[in-house]
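The file query_22.pdb contains PDB, C-alpha atoms:
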ATOM      1  CA  MET A  23      -4.929  -1.406 -13.486
ATOM      2  CA  LEU A  24      -8.434  -0.043 -14.019
ATOM      3  CA  THR A  25      -9.892  -2.983 -12.103
ATOM      4  CA  TYR A  26      -7.462  -2.309  -9.248
ATOM      5  CA  VAL A  27      -8.480   1.364  -9.031
ATOM      6  CA  LEU A  28     -12.199   0.586  -9.250
ATOM      7  CA  SER A  29     -11.946  -2.012  -6.496
ATOM      8  CA  LYS A  30     -10.234   0.516  -4.224
ATOM      9  CA  LEU A  31     -12.872   3.145  -4.980
ATOM     10  CA  MET A  32     -15.644   0.656  -4.224
ATOM     11  CA  ARG A  33     -14.005  -0.277  -0.940
ATOM     12  CA  ALA A  34     -13.690   3.408  -0.011
ATOM     13  CA  ALA A  35     -17.386   4.000  -0.778
ATOM     14  CA  VAL A  36     -18.439   1.039   1.381
ATOM     15  CA  THR A  37     -16.197   2.263   4.204
ATOM     16  CA  MET A  38     -17.769   5.721   4.121
ATOM     17  CA  LEU A  39     -21.280   4.261   4.103
ATOM     18  CA  ILE A  40     -20.497   2.134   7.156
ATOM     19  CA  THR A  41     -18.950   5.159   8.879
ATOM     20  CA  VAL A  42     -21.992   7.321   8.144
ATOM     21  CA  SER A  43     -24.307   4.645   9.534
ATOM     22  CA  LEU A  44     -22.289   4.101  12.701
ATOM     23  CA  VAL A  45     -21.904   7.809  13.435
ATOM     24  CA  PHE A  46     -25.597   8.456  12.875
ATOM     25  CA  THR A  47     -26.620   5.513  15.076
ATOM     26  CA  PHE A  48     -24.242   6.159  17.963
ATOM     27  CA  ILE A  49     -25.073   9.860  18.174
ATOM     28  CA  ARG A  50     -28.805   9.145  18.236
ATOM     29  CA  PHE A  51     -28.477   6.557  21.009
ATOM     30  CA  SER A  52     -25.975   8.480  23.157
ATOM     31  CA  GLY A  53     -28.694  10.574  24.803
ATOM     32  CA  ASP A  54     -31.563  12.880  24.032
ATOM     33  CA  PRO A  55     -30.140  15.853  22.064
ATOM     34  CA  ALA A  56     -33.365  17.841  22.522
ATOM     35  CA  ALA A  57     -33.155  17.519  26.312
ATOM     36  CA  ALA A  58     -29.496  18.568  26.211
ATOM     37  CA  LEU A  59     -30.284  21.699  24.190
ATOM     38  CA  ALA A  60     -33.267  22.747  26.294
ATOM     39  CA  PRO A  61     -32.766  24.698  29.555
ATOM     40  CA  PRO A  62     -32.302  22.543  32.678
ATOM     41  CA  ASP A  63     -35.734  23.400  34.086
ATOM     42  CA  ALA A  64     -37.591  23.259  30.759
ATOM     43  CA  PRO A  65     -40.915  21.394  30.791
ATOM     44  CA  GLN A  66     -41.482  18.360  28.610
ATOM     45  CA  GLU A  67     -43.514  20.410  26.131
ATOM     46  CA  VAL A  68     -40.472  22.588  25.357
ATOM     47  CA  ILE A  69     -38.259  19.515  24.928
ATOM     48  CA  ASP A  70     -40.820  18.022  22.555
ATOM     49  CA  GLN A  71     -40.773  21.228  20.513
ATOM     50  CA  TYR A  72     -36.976  21.036  20.237
ATOM     51  CA  ALA A  73     -37.257  17.418  19.121
ATOM     52  CA  GLU A  74     -39.876  18.297  16.506
ATOM     53  CA  GLN A  75     -37.784  21.151  15.086
ATOM     54  CA  MET A  76     -34.754  18.873  14.812
ATOM     55  CA  GLY A  77     -36.757  16.008  13.341
ATOM     56  CA  LEU A  78     -35.998  13.739  16.299
ATOM     57  CA  ASP A  79     -39.655  12.882  16.833
ATOM     58  CA  LYS A  80     -39.707  10.762  13.672
ATOM     59  CA  PRO A  81     -38.885   7.021  13.562
ATOM     60  CA  PHE A  82     -35.214   6.125  13.375
ATOM     61  CA  TRP A  83     -35.337   4.741   9.834
ATOM     62  CA  VAL A  84     -37.068   7.930   8.607
ATOM     63  CA  GLN A  85     -34.336  10.061  10.161
ATOM     64  CA  TYR A  86     -31.634   7.837   8.688
ATOM     65  CA  SER A  87     -33.063   7.769   5.174
ATOM     66  CA  GLY A  88     -33.566  11.534   5.259
ATOM     67  CA  TYR A  89     -29.985  12.079   6.372
ATOM     68  CA  ILE A  90     -28.570   9.789   3.650
ATOM     69  CA  GLY A  91     -30.747  11.513   1.062
ATOM     70  CA  GLY A  92     -29.448  14.886   2.191
ATOM     71  CA  LEU A  93     -25.852  13.704   1.898
ATOM     72  CA  MET A  94     -26.485  12.526  -1.659
ATOM     73  CA  VAL A  95     -27.499  16.045  -2.727
ATOM     74  CA  GLY A  96     -24.867  17.858  -0.649
ATOM     75  CA  GLU A  97     -27.086  18.916   2.253
ATOM     76  CA  PHE A  98     -25.219  18.261   5.490
ATOM     77  CA  GLY A  99     -27.491  20.104   7.892
ATOM     78  CA  TYR A 100     -27.367  23.304   9.920
ATOM     79  CA  SER A 101     -25.843  24.173  13.258
ATOM     80  CA  VAL A 102     -28.513  24.470  15.959
ATOM     81  CA  HIS A 103     -26.607  27.316  17.622
ATOM     82  CA  THR A 104     -25.757  29.558  14.692
ATOM     83  CA  GLY A 105     -28.311  28.465  12.093
ATOM     84  CA  ARG A 106     -25.568  28.357   9.467
ATOM     85  CA  ALA A 107     -24.716  25.431   7.225
ATOM     86  CA  VAL A 108     -22.191  23.121   8.855
ATOM     87  CA  GLU A 109     -19.962  23.085   5.782
ATOM     88  CA  GLU A 110     -19.597  26.867   5.998
ATOM     89  CA  LEU A 111     -18.409  26.680   9.604
ATOM     90  CA  PHE A 112     -16.086  23.828   8.649
ATOM     91  CA  LEU A 113     -14.536  25.737   5.747
ATOM     92  CA  GLU A 114     -13.900  28.738   8.002
ATOM     93  CA  ARG A 115     -11.798  26.625  10.374
ATOM     94  CA  LEU A 116     -10.229  24.314   7.783
ATOM     95  CA  PRO A 117      -7.331  26.622   6.730
ATOM     96  CA  TYR A 118      -6.050  26.741  10.316
ATOM     97  CA  THR A 119      -6.117  22.954  10.625
ATOM     98  CA  LEU A 120      -4.469  22.497   7.215
ATOM     99  CA  GLN A 121      -1.733  24.933   8.207
ATOM    100  CA  LEU A 122      -1.163  23.116  11.489
ATOM    101  CA  GLY A 123      -1.347  19.613  10.011
ATOM    102  CA  GLY A 124       0.789  20.506   7.002
ATOM    103  CA  CYS A 125       3.568  22.008   9.119
ATOM    104  CA  ALA A 126       3.440  19.040  11.515
ATOM    105  CA  PHE A 127       3.674  16.600   8.610
ATOM    106  CA  LEU A 128       6.654  18.412   7.090
ATOM    107  CA  ILE A 129       8.441  18.458  10.455
ATOM    108  CA  ALA A 130       7.841  14.733  10.915
ATOM    109  CA  LEU A 131       8.889  13.911   7.358
ATOM    110  CA  LEU A 132      11.958  16.140   7.116
ATOM    111  CA  PHE A 133      13.390  15.033  10.454
ATOM    112  CA  GLY A 134      12.032  11.506  10.948
ATOM    113  CA  ILE A 135      13.164   9.879   7.687
ATOM    114  CA  PRO A 136      16.733  11.314   7.701
ATOM    115  CA  LEU A 137      17.182  10.344  11.366
ATOM    116  CA  GLY A 138      15.996   6.817  10.648
ATOM    117  CA  SER A 139      18.319   6.576   7.650
ATOM    118  CA  LEU A 140      21.295   7.727   9.732
ATOM    119  CA  ALA A 141      20.471   5.153  12.387
ATOM    120  CA  ALA A 142      20.261   2.373   9.784
ATOM    121  CA  VAL A 143      23.541   3.305   8.099
ATOM    122  CA  ASN A 144      25.295   3.543  11.491
ATOM    123  CA  ARG A 145      23.736   0.447  12.995
ATOM    124  CA  ALA A 146      24.754  -0.504  16.570
ATOM    125  CA  SER A 147      26.673   2.765  17.015
ATOM    126  CA  LYS A 148      26.150   5.504  19.596
ATOM    127  CA  LEU A 149      24.333   7.555  16.973
ATOM    128  CA  ASP A 150      21.960   4.663  16.322
ATOM    129  CA  ARG A 151      21.158   4.289  20.019
ATOM    130  CA  LEU A 152      20.706   8.037  20.406
ATOM    131  CA  VAL A 153      18.332   8.282  17.449
ATOM    132  CA  MET A 154      16.325   5.260  18.557
ATOM    133  CA  GLY A 155      16.115   6.573  22.109
ATOM    134  CA  PHE A 156      14.790   9.879  20.831
ATOM    135  CA  SER A 157      12.303   8.181  18.494
ATOM    136  CA  VAL A 158      10.923   6.047  21.316
ATOM    137  CA  PHE A 159      10.575   9.149  23.493
ATOM    138  CA  ALA A 160       8.867  11.081  20.691
ATOM    139  CA  PHE A 161       6.487   8.249  19.901
ATOM    140  CA  ALA A 162       5.583   7.604  23.545
ATOM    141  CA  MET A 163       5.206  11.227  24.657
ATOM    142  CA  PRO A 164       1.490  12.245  24.674
ATOM    143  CA  ASN A 165       1.076  15.317  22.506
ATOM    144  CA  PHE A 166      -1.142  17.084  25.029
ATOM    145  CA  LEU A 167       1.523  16.664  27.740
ATOM    146  CA  PHE A 168       4.303  17.888  25.467
ATOM    147  CA  GLY A 169       2.154  20.864  24.466
ATOM    148  CA  LEU A 170       1.430  21.772  28.086
ATOM    149  CA  ILE A 171       5.152  21.578  28.897
ATOM    150  CA  ILE A 172       5.928  23.981  26.042
ATOM    151  CA  ILE A 173       3.196  26.424  27.078
ATOM    152  CA  LEU A 174       4.134  26.396  30.770
ATOM    153  CA  THR A 175       7.847  26.733  30.049
ATOM    154  CA  SER A 176       7.382  29.689  27.716
ATOM    155  CA  ALA A 177       4.873  31.395  30.033
ATOM    156  CA  LEU A 178       6.782  30.946  33.318
ATOM    157  CA  TRP A 179      10.338  31.457  32.073
ATOM    158  CA  PHE A 180       9.955  33.793  29.100
ATOM    159  CA  GLN A 181       6.542  35.405  29.819
ATOM    160  CA  ILE A 182       5.367  34.451  26.322
ATOM    161  CA  TYR A 183       2.007  32.820  25.587
ATOM    162  CA  LEU A 184       2.229  30.502  22.594
ATOM    163  CA  GLY A 185      -1.488  29.807  22.126
ATOM    164  CA  GLY A 186      -4.345  31.572  20.399
ATOM    165  CA  GLU A 187      -5.193  32.547  16.848
ATOM    166  CA  GLY A 188      -2.263  34.901  16.329
ATOM    167  CA  ALA A 189       0.347  32.527  17.745
ATOM    168  CA  ASN A 190       3.192  31.022  15.760
ATOM    169  CA  VAL A 191       2.246  27.683  14.222
ATOM    170  CA  LEU A 192       5.705  26.203  14.871
ATOM    171  CA  PHE A 193       5.146  25.034  18.438
ATOM    172  CA  PRO A 194       1.674  23.483  17.909
ATOM    173  CA  ALA A 195       3.027  21.803  14.765
ATOM    174  CA  LEU A 196       6.045  20.478  16.653
ATOM    175  CA  THR A 197       3.734  19.094  19.323
ATOM    176  CA  LEU A 198       1.484  17.442  16.763
ATOM    177  CA  GLY A 199       4.296  16.071  14.599
ATOM    178  CA  LEU A 200       6.477  14.711  17.401
ATOM    179  CA  ALA A 201       4.868  11.242  17.515
ATOM    180  CA  SER A 202       4.891  10.902  13.726
ATOM    181  CA  MET A 203       8.542  11.940  13.667
ATOM    182  CA  GLY A 204       9.418   9.113  16.043
ATOM    183  CA  GLY A 205       7.349   6.637  14.039
ATOM    184  CA  PHE A 206       9.014   7.665  10.764
ATOM    185  CA  ALA A 207      12.476   7.315  12.280
ATOM    186  CA  ARG A 208      11.846   3.844  13.705
ATOM    187  CA  PHE A 209      10.086   2.546  10.605
ATOM    188  CA  THR A 210      12.683   3.980   8.220
ATOM    189  CA  ARG A 211      15.488   2.353  10.196
ATOM    190  CA  SER A 212      13.880  -1.095  10.268
ATOM    191  CA  SER A 213      12.856  -0.939   6.603
ATOM    192  CA  LEU A 214      16.306   0.176   5.424
ATOM    193  CA  LEU A 215      18.069  -2.453   7.511
ATOM    194  CA  GLU A 216      15.900  -5.154   5.977
ATOM    195  CA  ILE A 217      16.712  -3.967   2.455
ATOM    196  CA  ILE A 218      20.431  -3.397   3.114
ATOM    197  CA  ASN A 219      20.813  -7.017   4.243
ATOM    198  CA  ALA A 220      18.857  -8.404   1.272
ATOM    199  CA  PRO A 221      20.638 -10.718  -1.203
ATOM    200  CA  PHE A 222      20.348  -8.312  -4.147
ATOM    201  CA  MET A 223      22.146  -5.624  -2.097
ATOM    202  CA  ARG A 224      25.001  -7.990  -1.341
ATOM    203  CA  ALA A 225      25.154  -8.876  -5.034
ATOM    204  CA  ALA A 226      25.374  -5.169  -5.907
ATOM    205  CA  GLU A 227      28.183  -4.778  -3.395
ATOM    206  CA  ALA A 228      30.002  -7.737  -4.933
ATOM    207  CA  ARG A 229      29.799  -6.057  -8.355
ATOM    208  CA  GLY A 230      31.631  -3.048  -6.924
ATOM    209  CA  ILE A 231      28.768  -0.546  -6.931
ATOM    210  CA  PRO A 232      29.582   2.325  -4.517
ATOM    211  CA  PHE A 233      27.755   2.385  -1.193
ATOM    212  CA  MET A 234      25.902   5.686  -1.687
ATOM    213  CA  ARG A 235      24.707   4.602  -5.121
ATOM    214  CA  ARG A 236      23.469   1.299  -3.679
ATOM    215  CA  LEU A 237      21.726   3.188  -0.893
ATOM    216  CA  ILE A 238      20.024   5.815  -3.074
ATOM    217  CA  ARG A 239      19.202   3.862  -6.233
ATOM    218  CA  HIS A 240      18.516   0.396  -4.846
ATOM    219  CA  ALA A 241      17.818   0.479  -1.111
ATOM    220  CA  ALA A 242      15.770   3.693  -0.852
ATOM    221  CA  PRO A 243      13.106   2.832  -3.502
ATOM    222  CA  ASN A 244      12.526  -0.620  -2.013
ATOM    223  CA  ALA A 245      12.438   0.716   1.543
ATOM    224  CA  ALA A 246       9.924   3.377   0.482
ATOM    225  CA  ILE A 247       7.237   0.804  -0.366
ATOM    226  CA  PRO A 248       6.237   0.003   3.237
ATOM    227  CA  LEU A 249       7.071   3.545   4.345
ATOM    228  CA  VAL A 250       4.414   4.970   2.030
ATOM    229  CA  THR A 251       1.782   3.133   4.066
ATOM    230  CA  LEU A 252       2.949   4.788   7.273
ATOM    231  CA  VAL A 253       3.038   8.197   5.604
ATOM    232  CA  GLY A 254      -0.538   7.800   4.370
ATOM    233  CA  LEU A 255      -1.806   6.738   7.774
ATOM    234  CA  SER A 256       0.079   9.608   9.393
ATOM    235  CA  ILE A 257      -1.648  12.150   7.163
ATOM    236  CA  GLY A 258      -5.048  11.026   8.398
ATOM    237  CA  GLY A 259      -3.747  10.674  11.936
ATOM    238  CA  LEU A 260      -2.456  14.244  11.961
ATOM    239  CA  ILE A 261      -5.896  15.588  11.081
ATOM    240  CA  ALA A 262      -7.558  13.497  13.778
ATOM    241  CA  GLY A 263      -4.796  14.174  16.303
ATOM    242  CA  SER A 264      -5.088  17.921  15.825
ATOM    243  CA  VAL A 265      -8.203  17.843  18.024
ATOM    244  CA  VAL A 266      -6.138  17.600  21.211
ATOM    245  CA  THR A 267      -3.345  19.899  20.059
ATOM    246  CA  GLU A 268      -5.751  22.626  18.958
ATOM    247  CA  GLN A 269      -7.496  22.453  22.309
ATOM    248  CA  VAL A 270      -4.214  22.748  24.228
ATOM    249  CA  PHE A 271      -2.933  25.710  22.201
ATOM    250  CA  ALA A 272      -6.377  27.301  21.676
ATOM    251  CA  TRP A 273      -5.757  26.987  17.939
ATOM    252  CA  PRO A 274      -8.960  27.982  16.072
ATOM    253  CA  GLY A 275      -9.152  24.958  13.815
ATOM    254  CA  VAL A 276     -11.513  22.098  13.103
ATOM    255  CA  GLY A 277     -10.460  20.191  16.209
ATOM    256  CA  GLN A 278     -11.539  22.965  18.550
ATOM    257  CA  LEU A 279     -14.815  23.248  16.642
ATOM    258  CA  LEU A 280     -15.400  19.518  17.135
ATOM    259  CA  ILE A 281     -14.817  19.736  20.900
ATOM    260  CA  ARG A 282     -17.211  22.655  21.185
ATOM    261  CA  SER A 283     -19.853  20.922  19.077
ATOM    262  CA  VAL A 284     -19.688  17.763  21.183
ATOM    263  CA  ALA A 285     -20.005  19.780  24.401
ATOM    264  CA  THR A 286     -23.060  21.647  23.108
ATOM    265  CA  ARG A 287     -24.678  18.593  21.451
ATOM    266  CA  ASP A 288     -24.689  20.181  18.004
ATOM    267  CA  LEU A 289     -25.662  16.992  16.146
ATOM    268  CA  ALA A 290     -25.297  18.161  12.560
ATOM    269  CA  MET A 291     -21.909  19.703  13.251
ATOM    270  CA  VAL A 292     -20.568  16.639  15.073
ATOM    271  CA  GLN A 293     -21.759  14.285  12.331
ATOM    272  CA  PHE A 294     -20.190  16.378   9.602
ATOM    273  CA  LEU A 295     -16.843  16.759  11.386
ATOM    274  CA  VAL A 296     -16.552  13.052  12.194
ATOM    275  CA  LEU A 297     -17.344  12.205   8.588
ATOM    276  CA  ALA A 298     -14.762  14.748   7.411
ATOM    277  CA  VAL A 299     -12.088  13.046   9.527
ATOM    278  CA  ALA A 300     -13.161   9.632   8.223
ATOM    279  CA  PHE A 301     -13.083  10.924   4.646
ATOM    280  CA  THR A 302      -9.537  12.187   5.225
ATOM    281  CA  MET A 303      -8.433   8.734   6.354
ATOM    282  CA  VAL A 304     -10.132   7.027   3.395
ATOM    283  CA  LEU A 305      -8.646   9.536   0.948
ATOM    284  CA  ALA A 306      -5.185   9.019   2.435
ATOM    285  CA  ASN A 307      -5.533   5.253   1.943
ATOM    286  CA  LEU A 308      -6.605   5.784  -1.656
ATOM    287  CA  LEU A 309      -3.555   7.944  -2.299
ATOM    288  CA  VAL A 310      -1.325   5.284  -0.760
ATOM    289  CA  ASP A 311      -2.836   2.582  -2.963
ATOM    290  CA  THR A 312      -2.303   4.798  -6.010
ATOM    291  CA  LEU A 313       1.312   5.437  -5.077
ATOM    292  CA  TYR A 314       1.825   1.685  -4.849
ATOM    293  CA  LEU A 315       1.097   1.501  -8.572
ATOM    294  CA  LEU A 316       3.860   4.010  -9.259
ATOM    295  CA  ILE A 317       6.432   2.592  -6.851
ATOM    296  CA  ASP A 318       5.987  -1.179  -7.091
ATOM    297  CA  PRO A 319       5.920  -2.634 -10.647
ATOM    298  CA  ARG A 320       4.707  -5.968  -9.246
ATOM    299  CA  ILE A 321       1.315  -4.435  -8.409
ATOM    300  CA  ARG A 322       0.941  -3.057 -11.947
ATOM    301  CA  VAL A 323       1.732  -6.466 -13.423
ATOM    302  CA  ARG A 324      -0.614  -8.265 -11.039
TER     303      ARG A 324
END
Since I need it in another form, could you write the structure as structure tokens?
Amino acid sequence: MLTYVLSKLMRAAVTMLITVSLVFTFIRFSGDPAAALAPPDAPQEVIDQYAEQMGLDKPFWVQYSGYIGGLMVGEFGYSVHTGRAVEELFLERLPYTLQLGGCAFLIALLFGIPLGSLAAVNRASKLDRLVMGFSVFAFAMPNFLFGLIIILTSALWFQIYLGGEGANVLFPALTLGLASMGGFARFTRSSLLEIINAPFMRAAEARGIPFMRRLIRHAAPNAAIPLVTLVGLSIGGLIAGSVVTEQVFAWPGVGQLLIRSVATRDLAMVQFLVLAVAFTMVLANLLVDTLYLLIDPRIRVR
């Protein structure tokens, strides 16, 4: 088991190194950040001064090695607009994003999995078709469009604005968690149906084991193995997907900070936020791999 965990940790470290390299390279070659920060009519001398202050006048490999060295000692850079450390700005916005993402995840989990289970148990019924129709709608509906519909409906019909820092988190969370809810419902249904029709389930039925006991003690644990993968990916996807939802609802989280940093060419801030999202995805995958050890005995034996 130790070898399994170490191999996963090594893979996560390599993934983060590749992500750091790609983000650093693409941002440097996407345009001249110094020219973007300088006034439109600034002479070349002023642009060169901006580049020198930001270290952009040095060769690429010197910039890259300096950035990697800074990451190793916990120095992520400073925002060019505020002069503050990027991690401080990130930590100020992080609670809002965690609140939004956590509520969205709970909504998706608490509604998606039970709906999918009901559809599987009542296969080919009207309830099954209704649940699957809703899950397809939820999965296909763009979250920004659903959010705009909610905002316009509440503003035009009820004269209530649902955005901003003091707004209720329920509606942004519902917007963000809608797609994951549909994905959970569809995946739970297909996974349960596959397990219910397995030979060992028919053998349990032949031995006279009650249906609910077969469903809870035999079908649910086996169906949870592939579902854990979807849950882990959804956790990372909710953090990344909050960028659009926070922008629509003017929610003061990390996503809105990322949009603003990209628009103002704040290199250090953009690099740190992209790496934070990538780290969330890698961490979610590590948690999923660890849960596999607890759920599936075959992995522990292997």
Resolved residues for the PyMOL selection byres ((chain A and resi 206) around 12) as a VMD selection string:
chain A and resid 127 to 139 141 153 to 154 156 to 158 160 to 161 199 to 205 207 to 214 246 248 to 256
Can you translate the PyMOL selection byres ((chain A and resi 167-171) around 9) into the concrete residues it hits in this file, as an NGL selection string?
:A and (163-166 or 172-176 or 193-194 or 196-198 or 200 or 267 or 270-271)
List the neighbours of Pro117 of chain A out to 12 Å using only C-alpha atoms; skip same-chain residues closer than 3 positions along the sequence, and give me the result as a ChimeraX atom specification.
/A:111-114,120-124,187,261,273-277
Separation of atom CA of Asp150 of chain A from atom CA of Leu215 of chain A, in Å and rounded to one decimal:
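Atom CA of Leu215 of chain A lies at a distance of 12.0 Å from atom CA of Asp150 of chain A.
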Just want the 10 Å neighbourhood of segment 87-97 of chain A, counted on only C-alpha atoms, with same-chain residues fewer than 2 positions away dropped. Output as a list in words.
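Residues near the query, excluding close chain neighbours: Leu39, Val42, Ser43, Phe46, Gly77, Phe82, Trp83, Val84, Gln85, Gly99, Tyr100, Ala107, Val108, Glu109, Ala290 and Phe294 of chain A.
Closest approach to Ala298 of chain A among A:Ala162, A:Leu237, A:Ile231, A:Leu280 is made by A:Leu280 (distances from all atoms listed in the file).
With atom CA of Ser264 of chain A on one side and atom CA of Gln278 of chain A on the other, the separation reads 8.6 Å.
When all atoms listed in the file are used to measure the gap to Ala300 of chain A, the shortest distance among A:Ile257, A:Leu184, A:Gly105, A:Leu192 belongs to A:Ile257.
Considering all atoms listed in the file, the residue among A:Arg50, A:Arg145, A:Arg236, A:Lys30 positioned nearest to Pro81 of chain A is A:Arg50.
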Where atoms are absent from segment 278-301 of chain A, fill them in so it carries N, CA and C atoms, then output it as a short mmCIF file (atom, residue, chain, number, x, y, z; two decimals), keeping the file's coordinate frame.
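Done, and the output landed in result_27.cif:
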data_model
loop_
_atom_site.label_atom_id
_atom_site.label_comp_id
_atom_site.auth_asym_id
_atom_site.auth_seq_id
_atom_site.Cartn_x
_atom_site.Cartn_y
_atom_site.Cartn_z
N GLN A 278 -10.88 22.19 17.50
CA GLN A 278 -11.54 22.96 18.55
C GLN A 278 -13.03 23.09 18.28
N LEU A 279 -13.40 23.20 17.00
CA LEU A 279 -14.82 23.25 16.64
C LEU A 279 -15.50 21.94 16.99
N LEU A 280 -14.82 20.81 16.80
CA LEU A 280 -15.40 19.52 17.14
C LEU A 280 -15.63 19.39 18.65
N ILE A 281 -14.66 19.80 19.45
CA ILE A 281 -14.82 19.74 20.90
C ILE A 281 -16.00 20.59 21.35
N ARG A 282 -16.11 21.77 20.80
CA ARG A 282 -17.21 22.66 21.18
C ARG A 282 -18.55 22.09 20.74
N SER A 283 -18.59 21.48 19.58
CA SER A 283 -19.85 20.92 19.08
C SER A 283 -20.30 19.72 19.91
N VAL A 284 -19.34 18.90 20.33
CA VAL A 284 -19.69 17.76 21.18
C VAL A 284 -20.22 18.25 22.53
N ALA A 285 -19.58 19.27 23.09
CA ALA A 285 -20.00 19.78 24.40
C ALA A 285 -21.39 20.40 24.35
N THR A 286 -21.75 20.99 23.23
CA THR A 286 -23.06 21.65 23.11
C THR A 286 -24.10 20.79 22.39
N ARG A 287 -23.74 19.54 22.08
CA ARG A 287 -24.68 18.59 21.45
C ARG A 287 -25.20 19.12 20.11
N ASP A 288 -24.32 19.71 19.33
CA ASP A 288 -24.69 20.18 18.00
C ASP A 288 -24.57 18.99 17.04
N LEU A 289 -25.69 18.27 16.86
CA LEU A 289 -25.66 16.99 16.15
C LEU A 289 -25.14 17.11 14.72
N ALA A 290 -25.68 18.04 13.97
CA ALA A 290 -25.30 18.16 12.56
C ALA A 290 -23.81 18.48 12.43
N MET A 291 -23.31 19.33 13.30
CA MET A 291 -21.91 19.70 13.25
C MET A 291 -21.01 18.53 13.61
N VAL A 292 -21.37 17.79 14.66
CA VAL A 292 -20.57 16.64 15.07
C VAL A 292 -20.54 15.59 13.97
N GLN A 293 -21.70 15.29 13.40
CA GLN A 293 -21.76 14.28 12.33
C GLN A 293 -20.89 14.68 11.15
N PHE A 294 -20.96 15.94 10.76
CA PHE A 294 -20.19 16.38 9.60
C PHE A 294 -18.69 16.32 9.88
N LEU A 295 -18.27 16.74 11.07
CA LEU A 295 -16.84 16.76 11.39
C LEU A 295 -16.27 15.35 11.49
N VAL A 296 -17.03 14.43 12.10
CA VAL A 296 -16.55 13.05 12.19
C VAL A 296 -16.44 12.44 10.80
N LEU A 297 -17.40 12.72 9.95
CA LEU A 297 -17.34 12.20 8.59
C LEU A 297 -16.19 12.84 7.81
N ALA A 298 -15.89 14.10 8.08
CA ALA A 298 -14.76 14.75 7.41
C ALA A 298 -13.44 14.09 7.80
N VAL A 299 -13.30 13.74 9.08
CA VAL A 299 -12.09 13.05 9.53
C VAL A 299 -12.01 11.66 8.88
N ALA A 300 -13.14 10.95 8.85
CA ALA A 300 -13.16 9.63 8.22
C ALA A 300 -12.84 9.73 6.73
N PHE A 301 -13.37 10.74 6.07
CA PHE A 301 -13.08 10.92 4.65
C PHE A 301 -11.60 11.20 4.42
#
